[in-house]
file my_file_38.cif (mmCIF, C-alpha atoms and all ligand atoms; chains and numbers go by the auth columns)
data_data
loop_
_atom_site.group_PDB
_atom_site.id
_atom_site.type_symbol
_atom_site.label_atom_id
_atom_site.label_comp_id
_atom_site.label_asym_id
_atom_site.label_seq_id
_atom_site.Cartn_x
_atom_site.Cartn_y
_atom_site.Cartn_z
_atom_site.B_iso_or_equiv
_atom_site.auth_seq_id
_atom_site.auth_asym_id
ATOM 1 C CA MET A 1 85.051 53.346 157.139 0.00 1 A
ATOM 2 C CA THR A 2 81.911 51.594 155.963 0.00 2 A
ATOM 3 C CA ASP A 3 83.558 48.229 155.562 0.00 3 A
ATOM 4 C CA LEU A 4 81.626 46.543 158.350 0.00 4 A
ATOM 5 C CA PRO A 5 78.851 44.337 157.039 0.00 5 A
ATOM 6 C CA ASP A 6 75.363 45.195 158.126 0.00 6 A
ATOM 7 C CA GLU A 7 74.842 42.152 160.312 0.00 7 A
ATOM 8 C CA ASN A 8 77.633 43.306 162.623 0.00 8 A
ATOM 9 C CA THR A 9 76.076 46.685 163.216 0.00 9 A
ATOM 10 C CA ASP A 10 72.584 45.577 164.051 0.00 10 A
ATOM 11 C CA ILE A 11 72.562 42.214 165.777 0.00 11 A
ATOM 12 C CA LYS A 12 69.067 41.668 167.074 0.00 12 A
ATOM 13 C CA ASP A 13 68.021 39.703 170.131 0.00 13 A
ATOM 14 C CA THR A 14 66.370 37.227 167.843 0.00 14 A
ATOM 15 C CA ASP A 15 69.551 36.601 165.859 0.00 15 A
ATOM 16 C CA ILE A 16 71.534 33.409 166.229 0.00 16 A
ATOM 17 C CA VAL A 17 75.212 34.292 166.621 0.00 17 A
ATOM 18 C CA PHE A 18 77.787 31.637 165.795 0.00 18 A
ATOM 19 C CA ASP A 19 81.192 31.223 164.170 0.00 19 A
ATOM 20 C CA CYS A 20 81.730 29.924 160.676 0.00 20 A
ATOM 21 C CA PRO A 21 83.463 26.529 161.090 0.00 21 A
ATOM 22 C CA HIS A 22 85.445 27.192 157.894 0.00 22 A
ATOM 23 C CA CYS A 23 86.839 30.685 158.349 0.00 23 A
ATOM 24 C CA GLY A 24 85.917 31.502 161.959 0.00 24 A
ATOM 25 C CA LYS A 25 83.963 34.588 160.960 0.00 25 A
ATOM 26 C CA SER A 26 81.323 35.533 163.499 0.00 26 A
ATOM 27 C CA LEU A 27 77.929 35.268 161.859 0.00 27 A
ATOM 28 C CA ALA A 28 74.589 36.617 163.038 0.00 28 A
ATOM 29 C CA ILE A 29 71.614 34.979 161.369 0.00 29 A
ATOM 30 C CA ASP A 30 67.926 35.637 161.912 0.00 30 A
ATOM 31 C CA TYR A 31 66.403 32.947 164.154 0.00 31 A
ATOM 32 C CA ARG A 32 64.291 31.786 161.249 0.00 32 A
ATOM 33 C CA GLY A 33 67.442 30.473 159.626 0.00 33 A
ATOM 34 C CA ALA A 34 67.943 27.948 162.441 0.00 34 A
ATOM 35 C CA GLY A 35 68.791 24.510 161.086 0.00 35 A
ATOM 36 C CA LEU A 36 69.365 25.781 157.561 0.00 36 A
ATOM 37 C CA ALA A 37 72.549 25.453 155.595 0.00 37 A
ATOM 38 C CA ILE A 38 73.517 28.901 154.368 0.00 38 A
ATOM 39 C CA PRO A 39 76.614 30.184 152.615 0.00 39 A
ATOM 40 C CA CYS A 40 79.024 32.001 154.922 0.00 40 A
ATOM 41 C CA THR A 41 78.986 35.728 154.148 0.00 41 A
ATOM 42 C CA ASP A 42 82.768 35.781 154.377 0.00 42 A
ATOM 43 C CA CYS A 43 84.137 32.599 152.796 0.00 43 A
ATOM 44 C CA GLY A 44 81.054 31.364 150.951 0.00 44 A
ATOM 45 C CA ASN A 45 81.242 27.846 152.345 0.00 45 A
ATOM 46 C CA PRO A 46 77.958 26.305 153.437 0.00 46 A
ATOM 47 C CA VAL A 47 77.423 26.511 157.179 0.00 47 A
ATOM 48 C CA GLU A 48 74.586 25.045 159.176 0.00 48 A
ATOM 49 C CA VAL A 49 72.917 27.576 161.403 0.00 49 A
ATOM 50 C CA PRO A 50 72.780 26.032 164.880 0.00 50 A
ATOM 51 C CA ILE A 51 69.395 25.582 166.480 0.00 51 A
ATOM 52 C CA PRO A 52 69.479 27.323 169.867 0.00 52 A
ATOM 53 C CA SER A 53 68.685 25.046 172.807 0.00 53 A
ATOM 54 C CA GLY A 54 65.050 25.302 173.822 0.00 54 A
ATOM 55 C CA MET A 55 63.990 26.332 170.372 0.00 55 A
ATOM 56 C CA ASP A 56 61.584 24.053 168.596 0.00 56 A
ATOM 57 C CA ILE A 57 62.209 23.946 164.870 0.00 57 A
ATOM 58 C CA SER A 58 58.457 23.551 164.268 0.00 58 A
ATOM 59 C CA ASP A 59 57.976 26.996 165.825 0.00 59 A
ATOM 60 C CA LEU A 60 59.576 28.374 162.707 0.00 60 A
ATOM 61 C CA ASP A 61 56.774 27.416 160.403 0.00 61 A
ATOM 62 C CA ASP A 62 54.033 29.277 162.156 0.00 62 A
ATOM 63 C CA SER A 63 53.657 32.170 159.759 0.00 63 A
ATOM 64 C CA GLU A 64 53.446 32.467 156.014 0.00 64 A
ATOM 65 C CA GLU A 65 56.211 35.051 156.060 0.00 65 A
ATOM 66 C CA ASP A 66 58.556 32.658 157.866 0.00 66 A
ATOM 67 C CA LYS A 67 57.793 29.949 155.374 0.00 67 A
ATOM 68 C CA GLU A 68 58.506 32.290 152.514 0.00 68 A
ATOM 69 C CA ILE A 69 61.848 33.302 153.991 0.00 69 A
ATOM 70 C CA ARG A 70 62.790 29.675 154.505 0.00 70 A
ATOM 71 C CA ILE A 71 61.758 28.859 150.948 0.00 71 A
ATOM 72 C CA LEU A 72 63.790 31.791 149.640 0.00 72 A
ATOM 73 C CA ASN A 73 66.793 30.611 151.631 0.00 73 A
ATOM 74 C CA LEU A 74 66.387 27.121 150.281 0.00 74 A
ATOM 75 C CA ARG A 75 66.061 28.457 146.741 0.00 75 A
ATOM 76 C CA ARG A 76 69.255 30.420 147.151 0.00 76 A
ATOM 77 C CA ILE A 77 71.066 27.334 148.414 0.00 77 A
ATOM 78 C CA ILE A 78 69.666 25.267 145.549 0.00 78 A
ATOM 79 C CA ALA A 79 70.755 27.911 143.035 0.00 79 A
ATOM 80 C CA GLN A 80 74.252 27.895 144.520 0.00 80 A
ATOM 81 C CA SER A 81 74.372 24.119 144.477 0.00 81 A
ATOM 82 C CA GLU A 82 73.244 24.108 140.869 0.00 82 A
ATOM 83 C CA ALA A 83 75.929 26.625 139.935 0.00 83 A
ATOM 84 C CA ARG A 84 78.522 24.440 141.669 0.00 84 A
ATOM 85 C CA ILE A 85 77.202 21.368 139.855 0.00 85 A
ATOM 86 C CA ALA A 86 77.414 23.188 136.523 0.00 86 A
ATOM 87 C CA GLU A 87 80.964 24.216 137.382 0.00 87 A
ATOM 88 C CA LEU A 88 81.909 20.625 138.243 0.00 88 A
ATOM 89 C CA GLU A 89 80.203 19.345 135.113 0.00 89 A
ATOM 90 C CA SER A 90 82.214 21.682 132.903 0.00 90 A
ATOM 91 C CA GLU A 91 85.383 20.660 134.763 0.00 91 A
ATOM 92 C CA LEU A 92 84.474 17.040 134.170 0.00 92 A
ATOM 93 C CA GLU A 93 83.839 17.799 130.526 0.00 93 A
ATOM 94 C CA SER A 94 87.279 19.358 130.103 0.00 94 A
ATOM 95 C CA VAL A 95 88.789 16.334 131.845 0.00 95 A
ATOM 96 C CA TYR A 96 86.975 14.101 129.357 0.00 96 A
ATOM 97 C CA GLU A 97 88.188 16.262 126.486 0.00 97 A
ATOM 98 C CA ARG A 98 91.725 16.051 127.781 0.00 98 A
ATOM 99 C CA ARG A 99 91.462 12.286 128.116 0.00 99 A
ATOM 100 C CA GLU A 100 90.092 12.046 124.599 0.00 100 A
ATOM 101 C CA THR A 101 92.982 14.132 123.266 0.00 101 A
ATOM 102 C CA LEU A 102 95.491 11.954 125.092 0.00 102 A
ATOM 103 C CA GLU A 103 93.869 8.795 123.774 0.00 103 A
ATOM 104 C CA LYS A 104 93.912 10.193 120.263 0.00 104 A
ATOM 105 C CA LEU A 105 97.595 11.077 120.628 0.00 105 A
ATOM 106 C CA ARG A 106 98.310 7.622 121.970 0.00 106 A
ATOM 107 C CA SER A 107 96.586 5.894 119.088 0.00 107 A
ATOM 108 C CA GLU A 108 98.351 8.209 116.645 0.00 108 A
ATOM 109 C CA ASN A 109 101.653 7.249 118.207 0.00 109 A
ATOM 110 C CA MET A 110 100.696 3.587 118.042 0.00 110 A
ATOM 111 C CA TYR A 111 99.844 4.086 114.381 0.00 111 A
ATOM 112 C CA ARG A 112 103.157 5.862 113.720 0.00 112 A
ATOM 113 C CA PHE A 113 105.023 3.155 115.577 0.00 113 A
ATOM 114 C CA GLY A 114 103.212 0.564 113.463 0.00 114 A
ATOM 115 C CA ARG A 115 104.208 2.424 110.295 0.00 115 A
ATOM 116 C CA ILE A 116 107.826 2.588 111.440 0.00 116 A
ATOM 117 C CA THR A 117 107.800 -1.151 112.159 0.00 117 A
ATOM 118 C CA GLU A 118 106.355 -1.744 108.709 0.00 118 A
ATOM 119 C CA LYS A 119 109.092 0.364 107.123 0.00 119 A
ATOM 120 C CA VAL A 120 111.781 -1.480 109.059 0.00 120 A
ATOM 121 C CA ASP A 121 110.310 -4.779 107.855 0.00 121 A
ATOM 122 C CA GLU A 122 110.297 -3.465 104.299 0.00 122 A
ATOM 123 C CA ILE A 123 113.911 -2.339 104.574 0.00 123 A
ATOM 124 C CA GLN A 124 114.910 -5.684 106.049 0.00 124 A
ATOM 125 C CA SER A 125 113.194 -7.627 103.288 0.00 125 A
ATOM 126 C CA ALA A 126 114.718 -5.314 100.676 0.00 126 A
ATOM 127 C CA MET A 127 118.123 -5.975 102.234 0.00 127 A
ATOM 128 C CA LYS A 128 117.451 -9.719 102.021 0.00 128 A
ATOM 129 C CA THR A 129 116.606 -9.343 98.348 0.00 129 A
ATOM 130 C CA VAL A 130 119.761 -7.332 97.784 0.00 130 A
ATOM 131 C CA ASN A 131 121.831 -9.927 99.662 0.00 131 A
ATOM 132 C CA ALA A 132 120.271 -12.749 97.676 0.00 132 A
ATOM 133 C CA ALA A 133 120.999 -10.872 94.452 0.00 133 A
ATOM 134 C CA LEU A 134 124.591 -10.307 95.617 0.00 134 A
ATOM 135 C CA ASP A 135 124.902 -14.043 96.364 0.00 135 A
ATOM 136 C CA VAL A 136 123.698 -14.867 92.864 0.00 136 A
ATOM 137 C CA ILE A 137 126.134 -12.378 91.377 0.00 137 A
ATOM 138 C CA MET A 138 128.978 -13.740 93.506 0.00 138 A
ATOM 139 C CA ASP A 139 128.126 -17.329 92.536 0.00 139 A
ATOM 140 C CA ALA A 140 128.008 -16.363 88.884 0.00 140 A
ATOM 141 C CA ALA A 141 131.326 -14.551 89.206 0.00 141 A
ATOM 142 C CA ILE A 142 132.961 -17.538 90.941 0.00 142 A
ATOM 143 C CA LYS A 143 131.581 -19.951 88.360 0.00 143 A
ATOM 144 C CA ALA A 144 132.700 -17.709 85.549 0.00 144 A
ATOM 145 C CA GLU A 145 136.173 -17.597 87.060 0.00 145 A
ATOM 146 C CA GLU A 146 136.278 -21.375 87.604 0.00 146 A
ATOM 147 C CA SER A 147 135.137 -22.225 84.119 0.00 147 A
ATOM 148 C CA ALA A 148 137.480 -19.696 82.596 0.00 148 A
ATOM 149 C CA PRO A 149 139.927 -21.863 80.604 0.00 149 A
ATOM 150 C CA PRO A 150 143.223 -19.977 80.445 0.00 150 A
ATOM 151 C CA PRO A 151 145.570 -21.952 82.738 0.00 151 A
ATOM 152 C CA ALA A 152 148.526 -20.213 81.179 0.00 152 A
ATOM 153 C CA GLU A 153 149.512 -17.972 84.026 0.00 153 A
ATOM 154 C CA PRO A 154 151.365 -19.621 86.880 0.00 154 A
ATOM 155 C CA GLU A 155 149.533 -17.642 89.524 0.00 155 A
ATOM 156 C CA LYS A 156 146.227 -18.938 88.304 0.00 156 A
ATOM 157 C CA ASP A 157 147.535 -22.510 88.377 0.00 157 A
ATOM 158 C CA LYS A 158 148.650 -22.108 91.905 0.00 158 A
ATOM 159 C CA THR A 159 145.320 -20.901 93.244 0.00 159 A
ATOM 160 C CA ALA A 160 143.185 -23.267 91.221 0.00 160 A
ATOM 161 C CA GLY A 161 145.562 -26.157 91.731 0.00 161 A
ATOM 162 C CA ASN A 162 145.034 -26.403 95.443 0.00 162 A
ATOM 163 C CA GLY A 163 141.346 -27.028 95.133 0.00 163 A
ATOM 164 C CA ARG A 164 140.701 -28.796 91.932 0.00 164 A
ATOM 165 C CA ASN A 165 143.263 -29.547 89.314 0.00 165 A
ATOM 166 C CA SER A 166 145.558 -32.029 91.032 0.00 166 A
HETATM 167 ZN ZN ZN B . 83.208 31.369 156.567 0.00 201 A
#

call {"tool": "encode", "arguments": {"input": "my_file_38.cif", "output": "structure tokens"}}
result
Amino acid sequence: MTDLPDENTDIKDTDIVFDCPHCGKSLAIDYRGAGLAIPCTDCGNPVEVPIPSGMDISDLDDSEEDKEIRILNLRRIIAQSEARIAELESELESVYERRETLEKLRSENMYRFGRITEKVDEIQSAMKTVNAALDVIMDAAIKAEESAPPPAEPEKDKTAGNGRNS
């Protein structure tokens, strides 16, 4: 029942009536607000109060009371702008934090990748050592077999005979 905002119930002759360009809400603002950016009472977006044709903006500053109202309006707008700036700054800060976290993760991954590469290198060089050791063992085994004297068995003669003994 009492949902209607006050400005709808008592529009004065001196009010400037216009529509919010953002939400289309019909706004009635005291003529002293002409030319000011004010937040829409419905959607909160800043709207510029149109200056009625024939009205001289300098007429507005003719009384101390008018000046005070204009200053109060400006202060309110500044306070809102400052709140918005603070909001954006904290958003920016969380974006920075997020970026920092991602960069940290990335460098951690790079570090881990580097460690894995190191380990692979270590394993590869260990395998080389093992292979070299196996080669030495194989050589020693072959030499031991070759220099083994017993030519008694015929099988041995056959294998050795192809390469060396004839
Ligand atoms: Zn609006």

call {"tool": "residues_near_ligand", "arguments": {"input": "my_file_38.cif", "ligand": "ligand ZN 201 (chain A)", "cutoff": "8 Å", "atoms": "only C-alpha atoms and all ligand atoms", "output": "JSON, numbers by chain"}}
result
{"A": [19, 20, 21, 22, 23, 24, 25, 39, 40, 41, 42, 43, 44, 45, 46, 47]}

call {"tool": "atom_distance", "arguments": {"input": "my_file_38.cif", "atom1": "atom CA of Arg70 of chain A", "atom2": "atom CA of Glu48 of chain A"}}
result
13.5 Å

call {"tool": "atom_distance", "arguments": {"input": "my_file_38.cif", "atom1": "atom CA of Arg106 of chain A", "atom2": "atom CA of Glu87 of chain A"}}
result
28.5 Å

call {"tool": "atom_distance", "arguments": {"input": "my_file_38.cif", "atom1": "atom CA of Lys12 of chain A", "atom2": "atom CA of Ser53 of chain A"}}
result
17.6 Å

call {"tool": "resolve_selection", "arguments": {"input": "my_file_38.cif", "expression": "the PyMOL selection byres (((chain A and resi 27-32) around 7) and not hetatm)", "output": "list in words"}}
result
Glu7, Ile11, Thr14, Asp15, Ile16, Val17, Phe18, Asp19, Cys20, Lys25, Ser26, Gly33, Ala34, Leu60 and Asp66 of chain A

call {"tool": "axis_aligned_box", "arguments": {"input": "my_file_38.cif", "around": "segment 110-123 of chain A", "padding_each_side": "5 Å", "output": "lines of an AutoDock Vina configuration file"}}
result
center_x = 106.9
center_y = 0.5
center_z = 111.2
size_x = 24.1
size_y = 20.6
size_z = 23.7

call {"tool": "resolve_selection", "arguments": {"input": "my_file_38.cif", "expression": "the PyMOL selection byres (((chain A and resi 51) around 6) and not hetatm)", "output": "PyMOL selection string"}}
result
chain A and resi 34-35+50+52
